[in-house]
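Participant: One structure, as C-alpha cells, below. Some questions next.
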Amino acid sequence: MDRRGDRWPSGGARHAPAQRAGEKGHIGEIVMGVADDFVGRGIGSAILGALCDVADNWRGLKRLELTVYADNEPAIRLYRKHGFQVEGRHVNAGFSEGTYKDLFSMAHLRF
C-alpha cells in the first residue's frame, strides 16, 4: 500500500479476470488487503462484498478465486463468511517476515 502524505490507506483491492476469454472466462481473481490497524472494523467485509457484487451482477462470473496465508485466521474467517471455501494448500509458496509460509487456495462458486 502506498503512503499518501501523512495518511495510510485502510485497505485496497483488485478484481481481475483469471483469463481474458475462452475456457476460463468465467473465473475472476480477487487480491485484497486491509491495514493491520483497521482489521476487525468491517472494512474487509465491505471491500469483499463490493467485489462479489461486481462479479455477480456486472461481470457474470461463476467462480472467484484467491490465495491467503494459511496462518491469517482473520482473513480466512472473512472469506468463509462470504462463502469462500479452502480448495488446497500450497506448502511454502509464500514468503513473509523472513520465512516461507503455506498458502491456501480459496474459491467461491456461483453455478
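Every chain in the C-alpha cells has a letter given in the order shown (A, B, ...), and although residue numbers restart at 1 in each chain, ligands are simply numbered from 1 in the order shown.
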Kindly assemble as CSV a list of the stretch 48-83 of chain A residues that lie within 10 Å of stretch 90-100 of chain A, each paired with its nearest atom pair and their distance in Å to one decimal, using only C-alpha atoms, sorted first by chain and then by ascending residue number.
Facilitator:
residue,atom,partner,partner_atom,distance
A:Thr67,CA,A:His90,CA,9.3
A:Val68,CA,A:Gly94,CA,9.1
A:Tyr69,CA,A:Gly94,CA,7.3
A:Ala70,CA,A:His90,CA,9.0
Participant: Would you pick out the contacts of stretch 80-85 of chain A at 6 Å or less, using only C-alpha atoms, so that residues sharing its chain but fewer than 2 positions from it are not included, and give the list as a list in words?
Facilitator: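 The filter keeps Arg77, Leu78, Met106, Ala107 and His108 of chain A.
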Participant: Going by DSSP on the backbone, which residues of chain A come out as helix (DSSP H, G or I)? List them as a PyMOL selection string.
Facilitator: chain A and resi 22-24+36-38+43-57+73-81
Participant: Kindly indicate which residue among A:Leu61, A:Asp71, A:Tyr79, A:Ile30 lies nearest to A:Asp102, using only C-alpha atoms for the distances.
Facilitator: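 Distance minimum relative to A:Asp102 lands on A:Asp71.
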Participant: Can you measure atom CA of A:Cys52 to atom CA of A:Val39 for me? One decimal in Å is fine.
Facilitator: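 Value for the atom CA of A:Cys52-atom CA of A:Val39 distance: 19.4 Å.
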Participant: Using the chain letters and numbers from this document, which residues of chain A does DSSP assign to strand (DSSP E), as a ChimeraX atom specification?
Facilitator: /A:11-17,27-34,63-69,85-96,99-109
Participant: Can you measure atom CA of A:Asp56 to atom CA of A:Gly12 for me? One decimal in Å is fine.
Facilitator: 19.6 Å
Participant: Which one is closest to A:Glu87: A:Glu23, A:Glu65, A:Asp36, A:Asp53? Count only C-alpha atoms.
Facilitator: A:Glu65
Participant: Which residue, A:Ser10, A:Gly60, A:Arg110, A:Leu66, has the smallest gap to A:Val31 when you use only C-alpha atoms?
Facilitator: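 For A:Val31, the nearest of the candidates is A:Leu66.
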Participant: Quick one: of A:Val86, A:Val34, A:Ile27, A:Ala13, who's nearest to A:Leu51, counting only C-alpha atoms?
Facilitator: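 Residue with the minimum atom-to-atom distance to A:Leu51: A:Ala13.
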Participant: So, with only C-alpha atoms as the atoms that count, which of A:Arg63, A:Gly11, A:Lys24, A:Trp58 lies closest to A:Phe38?
Facilitator: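 Checking each of A:Arg63, A:Gly11, A:Lys24, A:Trp58 against A:Phe38, counting only C-alpha atoms, the winner is A:Gly11.
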Participant: Atom CA of A:Ile47 to atom CA of A:Met32: how many Å, to one decimal?
Facilitator: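 About the pair atom CA of A:Ile47 and atom CA of A:Met32: they are 8.1 Å apart.
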Participant: Which of these residues is nearest to A:Gly28, using only C-alpha atoms: A:Lys62, A:Asn72, A:Lys101, A:Gly40?
Facilitator: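 The closest residue to A:Gly28 is A:Lys62.
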